[in-house]
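S.K.: Sending over a structure as structure tokens; questions will come in a sec.
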Protein chains: 4
Amino acid sequence: MFLEKLHQIKAFVLDIDGVLTDATVHVTETGEQLRRFNVRDGYAIQLALKRGFKICAISGGKSQGALLRLNTLGMADVYLGIAKKIDTYNKFVEDHGLSPEEILYMGDDIPDLPVMKLAGVPVCPADAVEEVKEISVYISPKGGGHGCVRDVIEKVLKVQDKWFDPNPVAGDSTIVSS
Amino acid sequence: MFLEKLHQIKAFVLDIDGVLTDATVHVTETGEQLRRFNVRDGYAIQLALKRGFKICAISGGKSQGALLRLNTLGMADVYLGIAKKIDTYNKFVEDHGLSPEEILYMGDDIPDLPVMKLAGVPVCPADAVEEVKEISVYISPKGGGHGCVRDVIEKVLKVQDKWFDPNPVAGDSTIVSS
Amino acid sequence: MFLEKLHQIKAFVLDIDGVLTDATVHVTETGEQLRRFNVRDGYAIQLALKRGFKICAISGGKSQGALLRLNTLGMADVYLGIAKKIDTYNKFVEDHGLSPEEILYMGDDIPDLPVMKLAGVPVCPADAVEEVKEISVYISPKGGGHGCVRDVIEKVLKVQDKWFDPNPVAGDSTIVSS
Amino acid sequence: MFLEKLHQIKAFVLDIDGVLTDATVHVTETGEQLRRFNVRDGYAIQLALKRGFKICAISGGKSQGALLRLNTLGMADVYLGIAKKIDTYNKFVEDHGLSPEEILYMGDDIPDLPVMKLAGVPVCPADAVEEVKEISVYISPKGGGHGCVRDVIEKVLKVQDKWFDPNPVAGDSTIVSS
């Protein structure tokens, strides 16, 4: 059922906090925020982009660190400071000529609800809030920042026979540290 | 019983370390401290403030980072460097004309004990110390910094029919990174 | 048996990495190391010092951050960059006129072994290595950096009727952020 | 079977992210990345080097912090920004005149697969991805950054009667903080 739906997926739309991160921020004395990303998620994102998938991140937060991290993984569609995610989502969908059943959306909290309902395949991490779990067609056994993104990208690429890479490149090899 | 008491709650008084954070500090070589906050807690705090609840944080510590984090979530009542929490608590209660049964206090350690006993609804995170658990009317299944604040705010707003937000705003969207 | 031995304890000797911290270091791009301390440990350390106990930390590492953190908690006896812990331990014991049965030592790894054997009450965190567990008279259910120090200080103060504080001061209230 | 193979091991080849670290990066607002290393791993690395073992780290990432951390532990063979690990591995093997059965390789993700198959003893942390687990002769009960490196170094040194150190030096004592 769920796996069936993955055959048509062409794009991933992801929340940042609680999906690409573990839902926490480390705050310094000057108020700077550090976010925790998963490098195994990073490998899957790089491979999916190489395979031609579109990957978009939409966040209410304004973390420049998240932007830099995701850009170095090759993600061009990173939208920050978005209070209402639906407009951004609709523009992304339109720009790329996507239909709902071609989109997998992974969110973890209430602000994701309205937009998740528009996506053909709404999914969530193991530690998503109840309301999000209720409308998800799949709950990853992995939590936010602990591999949930890797889990769903891997599942999509596998059903489409695009996961195996005879010549894998080390996950962060394109990342240039600041 | 516990849920019954939540109907009257108008204010939340929260400890910082071990409640809004996971009871650890990351210390740099120069002694700067980083604290770890939960973004799902942040969503609930923003919504509760929007609904008119008062939220106050009282801490023995002097973390400017905590102050900045909580201010950006919209919390005005953040008191740091408070050795004896009772005076601060009493002033907050008086300023807002609150009665004990209107206050939920969440604490995790011994310094919270004297003031917790004054609140109508003393509660604690899953990893609070024994003495605090003993006087709590509710022990959240979530630990400090891992969603315990979200858990109790959500419970209060739900019994008061104030949780559902037809137009949710992404959690950290009002946060301006330093 | 174990609790019996605690009646005579006058001093705590603690390892830093893996006991006062969670055995990890976060390393920045410039090689700076961040260490993770527990604030509930901090409360117990401050109370024990107030009660007249001696608390000493001996570490092979040279973390200035650890030094600052422990100094602000009131600990004067913090020894860093100590390859052979026995000499430092012996000097501390001699300076304070302590006998073995008055000393509780908490360590987690091989470098602690020789000196642990000298202390009357050798103990360890839940995640200590096997060799250390084997010679410990007590294995805390809490891990390094997750409250193991609080656990043993609390146990000592309780058997000596020194734990209850009618006027508790918030744990980190004496800490001045850098 | 597995323990038998350890008698011949003379060198360890390790991945960094997900093996020496916990597979996450903390990202600051300016894009700087922090990585989390285990100090008990550090003790084992220092001891193995003292015993004459070769230890090599090969990473797709370019973390200067990882380089500094591993250098201060005494590791000279640290190779960063390596997209294809096989060439680096082959050069390391040739430089030190090693044969496959003398090499233990610990990896956690797809980019490790091609090179793991060359090593006599391919192993992985508890949280490695499925493909890596399938070709590993041993899966450590410890996860990446949580002692998996300590676990395998300890096992090798024990079967070779090189683990016991009558005069242990504290793990990080040679580390000079930047």
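Following the order of the structure tokens, first chain is A, next is B, and so on, with residues numbered from 1 inside each chain and ligands from 1 in the order they appear.
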Write out as a PyMOL selection string the residues lying within 12 Å of Leu104 (chain B), counting only C-alpha atoms and excluding same-chain residues fewer than 5 positions away.
M.R.: chain B and resi 2-3+5-15+53-57+89+93+98-99+115-124+136-138+149+152-153+155-156
S.K.: Quick one: everything within 7 Å of region 37-51 of chain C, counting only C-alpha atoms, minus sequence neighbours fewer than 4 positions away in the same chain. Send it as a list in words.
M.R.: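 Selected residues are Ala23, Thr24, Val25 and His26 of chain B; Leu20, Thr21, Leu73, Gly74, Gly145, His146, Gly147, Val149, Arg150, Ile153, Glu154 and Gly171 of chain C.
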S.K.: Go ahead and write the residues just picked, N, CA and C atoms, as a PDB file, in the first residue's frame.
M.R.:
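And here is the file that came out, again29.pdb:
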```pdb
ATOM      1  N   ALA B  23      18.712  19.453  31.222  1.00  0.00           N
ATOM      2  CA  ALA B  23      19.496  19.365  32.464  1.00  0.00           C
ATOM      3  C   ALA B  23      20.994  19.257  32.230  1.00  0.00           C
ATOM      4  N   THR B  24      21.428  19.532  31.010  1.00  0.00           N
ATOM      5  CA  THR B  24      22.864  19.571  30.792  1.00  0.00           C
ATOM      6  C   THR B  24      23.263  20.939  30.249  1.00  0.00           C
ATOM      7  N   VAL B  25      24.523  21.270  30.441  1.00  0.00           N
ATOM      8  CA  VAL B  25      25.102  22.432  29.778  1.00  0.00           C
ATOM      9  C   VAL B  25      26.334  21.962  29.019  1.00  0.00           C
ATOM     10  N   HIS B  26      26.488  22.450  27.810  1.00  0.00           N
ATOM     11  CA  HIS B  26      27.722  22.229  27.064  1.00  0.00           C
ATOM     12  C   HIS B  26      28.623  23.408  27.370  1.00  0.00           C
TER      13      HIS B  26
ATOM     14  N   LEU C  20      31.870  13.297  35.336  1.00  0.00           N
ATOM     15  CA  LEU C  20      31.196  14.595  35.370  1.00  0.00           C
ATOM     16  C   LEU C  20      30.663  14.972  33.983  1.00  0.00           C
ATOM     17  N   THR C  21      31.164  14.315  32.944  1.00  0.00           N
ATOM     18  CA  THR C  21      30.619  14.512  31.590  1.00  0.00           C
ATOM     19  C   THR C  21      30.136  13.167  31.044  1.00  0.00           C
ATOM     20  N   LEU C  73      31.172  26.244  40.470  1.00  0.00           N
ATOM     21  CA  LEU C  73      30.355  25.458  41.408  1.00  0.00           C
ATOM     22  C   LEU C  73      30.969  25.497  42.806  1.00  0.00           C
ATOM     23  N   GLY C  74      32.179  26.070  42.917  1.00  0.00           N
ATOM     24  CA  GLY C  74      32.814  26.200  44.221  1.00  0.00           C
ATOM     25  C   GLY C  74      33.946  25.213  44.469  1.00  0.00           C
ATOM     26  N   GLY C 145      27.734  12.061  33.316  1.00  0.00           N
ATOM     27  CA  GLY C 145      27.086  13.254  32.784  1.00  0.00           C
ATOM     28  C   GLY C 145      25.574  13.196  32.826  1.00  0.00           C
ATOM     29  N   HIS C 146      25.034  12.103  33.296  1.00  0.00           N
ATOM     30  CA  HIS C 146      23.585  11.944  33.392  1.00  0.00           C
ATOM     31  C   HIS C 146      23.122  11.749  34.832  1.00  0.00           C
ATOM     32  N   GLY C 147      23.908  12.285  35.783  1.00  0.00           N
ATOM     33  CA  GLY C 147      23.437  12.276  37.169  1.00  0.00           C
ATOM     34  C   GLY C 147      24.115  11.279  38.085  1.00  0.00           C
ATOM     35  N   VAL C 149      27.009  11.523  39.518  1.00  0.00           N
ATOM     36  CA  VAL C 149      27.649  12.237  40.627  1.00  0.00           C
ATOM     37  C   VAL C 149      26.583  12.670  41.633  1.00  0.00           C
ATOM     38  N   ARG C 150      25.487  13.184  41.150  1.00  0.00           N
ATOM     39  CA  ARG C 150      24.366  13.521  42.016  1.00  0.00           C
ATOM     40  C   ARG C 150      23.939  12.304  42.832  1.00  0.00           C
ATOM     41  N   ILE C 153      26.604  11.529  45.655  1.00  0.00           N
ATOM     42  CA  ILE C 153      26.651  12.586  46.678  1.00  0.00           C
ATOM     43  C   ILE C 153      25.360  12.546  47.506  1.00  0.00           C
ATOM     44  N   GLU C 154      24.241  12.389  46.821  1.00  0.00           N
ATOM     45  CA  GLU C 154      22.951  12.331  47.525  1.00  0.00           C
ATOM     46  C   GLU C 154      22.924  11.173  48.524  1.00  0.00           C
ATOM     47  N   GLY C 171      20.415  25.747  41.842  1.00  0.00           N
ATOM     48  CA  GLY C 171      21.686  25.093  41.545  1.00  0.00           C
ATOM     49  C   GLY C 171      22.783  25.942  40.960  1.00  0.00           C
TER      50      GLY C 171
END
```
S.K.: Could you write out as a PyMOL selection string the residues of chain B within 7 Å of chain C, counting only C-alpha atoms?
M.R.: chain B and resi 23-32+60-63+81-84+110-111
S.K.: Output all heavy atoms for every residue in the selection just made, as a compact mmCIF listing (two decimals), in the first residue's frame.
M.R.:
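Saved file selection.txt follows:
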```txt
# COMPACT_ATOMS: atom_id res chain seq x y z
N ALA B 23 18.71 19.45 31.22
CA ALA B 23 19.50 19.37 32.46
C ALA B 23 20.99 19.26 32.23
O ALA B 23 21.73 18.92 33.13
CB ALA B 23 19.02 18.22 33.36
N THR B 24 21.43 19.53 31.01
CA THR B 24 22.86 19.57 30.79
C THR B 24 23.26 20.94 30.25
O THR B 24 22.44 21.67 29.70
CB THR B 24 23.35 18.49 29.80
OG1 THR B 24 22.88 18.79 28.49
CG2 THR B 24 22.88 17.11 30.22
N VAL B 25 24.52 21.27 30.44
CA VAL B 25 25.10 22.43 29.78
C VAL B 25 26.33 21.96 29.02
O VAL B 25 27.09 21.13 29.51
CB VAL B 25 25.50 23.56 30.77
CG1 VAL B 25 24.27 24.26 31.29
CG2 VAL B 25 26.34 23.04 31.92
N HIS B 26 26.49 22.45 27.81
CA HIS B 26 27.72 22.23 27.06
C HIS B 26 28.62 23.41 27.37
O HIS B 26 28.21 24.56 27.21
CB HIS B 26 27.46 22.15 25.56
CG HIS B 26 26.96 20.81 25.11
ND1 HIS B 26 25.65 20.43 25.23
CD2 HIS B 26 27.61 19.75 24.57
CE1 HIS B 26 25.51 19.19 24.77
NE2 HIS B 26 26.68 18.76 24.36
N VAL B 27 29.84 23.13 27.80
CA VAL B 27 30.75 24.20 28.22
C VAL B 27 31.91 24.29 27.24
O VAL B 27 32.56 23.29 26.95
CB VAL B 27 31.27 23.91 29.65
CG1 VAL B 27 32.21 25.02 30.11
CG2 VAL B 27 30.11 23.75 30.62
N THR B 28 32.15 25.50 26.73
CA THR B 28 33.28 25.71 25.82
C THR B 28 34.56 25.89 26.62
O THR B 28 34.52 26.01 27.85
CB THR B 28 33.07 26.96 24.94
OG1 THR B 28 33.19 28.12 25.78
CG2 THR B 28 31.70 26.97 24.28
N GLU B 29 35.67 25.96 25.91
CA GLU B 29 36.97 26.13 26.58
C GLU B 29 37.05 27.45 27.33
O GLU B 29 37.84 27.60 28.27
CB GLU B 29 38.11 26.03 25.55
CG GLU B 29 38.31 24.64 24.96
CD GLU B 29 38.84 23.64 25.98
OE1 GLU B 29 39.33 24.06 27.03
OE2 GLU B 29 38.73 22.42 25.73
N THR B 30 36.26 28.43 26.91
CA THR B 30 36.29 29.72 27.61
C THR B 30 35.20 29.81 28.67
O THR B 30 35.00 30.86 29.27
CB THR B 30 36.10 30.89 26.61
OG1 THR B 30 34.87 30.68 25.90
CG2 THR B 30 37.26 30.95 25.62
N GLY B 31 34.51 28.70 28.91
CA GLY B 31 33.52 28.68 29.97
C GLY B 31 32.12 29.08 29.55
O GLY B 31 31.20 29.11 30.36
N GLU B 32 31.95 29.42 28.28
CA GLU B 32 30.61 29.74 27.81
C GLU B 32 29.73 28.50 27.88
O GLU B 32 30.21 27.39 27.62
CB GLU B 32 30.65 30.25 26.36
CG GLU B 32 29.31 30.80 25.89
CD GLU B 32 29.26 31.18 24.41
OE1 GLU B 32 30.30 31.04 23.73
OE2 GLU B 32 28.20 31.60 23.95
N GLY B 60 17.76 29.76 38.63
CA GLY B 60 18.90 30.15 39.43
C GLY B 60 20.07 30.57 38.57
O GLY B 60 20.92 31.37 38.97
N GLY B 61 20.12 30.04 37.36
CA GLY B 61 21.21 30.34 36.44
C GLY B 61 21.07 31.73 35.82
O GLY B 61 20.07 32.42 36.02
N LYS B 62 22.11 32.12 35.11
CA LYS B 62 22.12 33.47 34.52
C LYS B 62 22.35 33.41 33.02
O LYS B 62 23.01 34.26 32.43
CB LYS B 62 23.22 34.31 35.18
CG LYS B 62 22.96 34.61 36.65
CD LYS B 62 24.15 35.28 37.31
CE LYS B 62 23.82 35.62 38.77
NZ LYS B 62 25.02 35.91 39.56
N SER B 63 21.81 32.39 32.38
CA SER B 63 22.06 32.16 30.96
C SER B 63 21.41 33.22 30.08
O SER B 63 20.19 33.27 29.91
CB SER B 63 21.51 30.79 30.57
OG SER B 63 21.44 30.68 29.17
N GLY B 81 19.11 34.24 37.63
CA GLY B 81 19.96 34.50 38.79
C GLY B 81 19.18 34.59 40.08
O GLY B 81 19.54 35.31 41.01
N ILE B 82 18.08 33.84 40.14
CA ILE B 82 17.18 33.89 41.29
C ILE B 82 17.51 32.74 42.24
O ILE B 82 17.15 31.58 42.00
CB ILE B 82 15.71 33.75 40.83
CG1 ILE B 82 15.36 34.78 39.74
CG2 ILE B 82 14.78 33.87 42.04
CD1 ILE B 82 15.50 36.22 40.16
N ALA B 83 18.21 33.06 43.34
CA ALA B 83 18.59 32.01 44.30
C ALA B 83 17.35 31.48 45.03
O ALA B 83 17.19 30.28 45.21
CB ALA B 83 19.62 32.55 45.28
N LYS B 84 16.48 32.37 45.47
CA LYS B 84 15.25 31.97 46.17
C LYS B 84 14.07 32.26 45.25
O LYS B 84 13.71 33.42 45.03
CB LYS B 84 15.09 32.78 47.46
CG LYS B 84 16.27 32.70 48.42
CD LYS B 84 16.27 31.39 49.17
CE LYS B 84 17.52 31.29 50.05
NZ LYS B 84 17.75 29.93 50.54
N ILE B 110 15.40 20.09 43.67
CA ILE B 110 15.17 20.59 45.02
C ILE B 110 14.86 22.08 45.11
O ILE B 110 13.94 22.46 45.84
CB ILE B 110 16.41 20.27 45.92
CG1 ILE B 110 16.81 18.80 45.79
CG2 ILE B 110 16.16 20.68 47.36
CD1 ILE B 110 15.96 17.83 46.55
N PRO B 111 15.61 22.95 44.39
CA PRO B 111 15.31 24.39 44.53
C PRO B 111 13.89 24.75 44.11
O PRO B 111 13.40 25.81 44.47
CB PRO B 111 16.35 25.06 43.62
CG PRO B 111 17.48 24.08 43.55
CD PRO B 111 16.82 22.73 43.56
```
S.K.: Determine which residues of chain B DSSP labels as strand (DSSP E) from the backbone of this structure, then write them out as a ChimeraX atom specification.
M.R.: /B:11-14,24-27,33-38,54-58,77-79,103-106,121-124,138-139
S.K.: Please indicate the distance in Å from CA of Pro141 (chain A) to CA of Ile103 (chain A), rounded to one decimal place.
M.R.: 20.4 Å
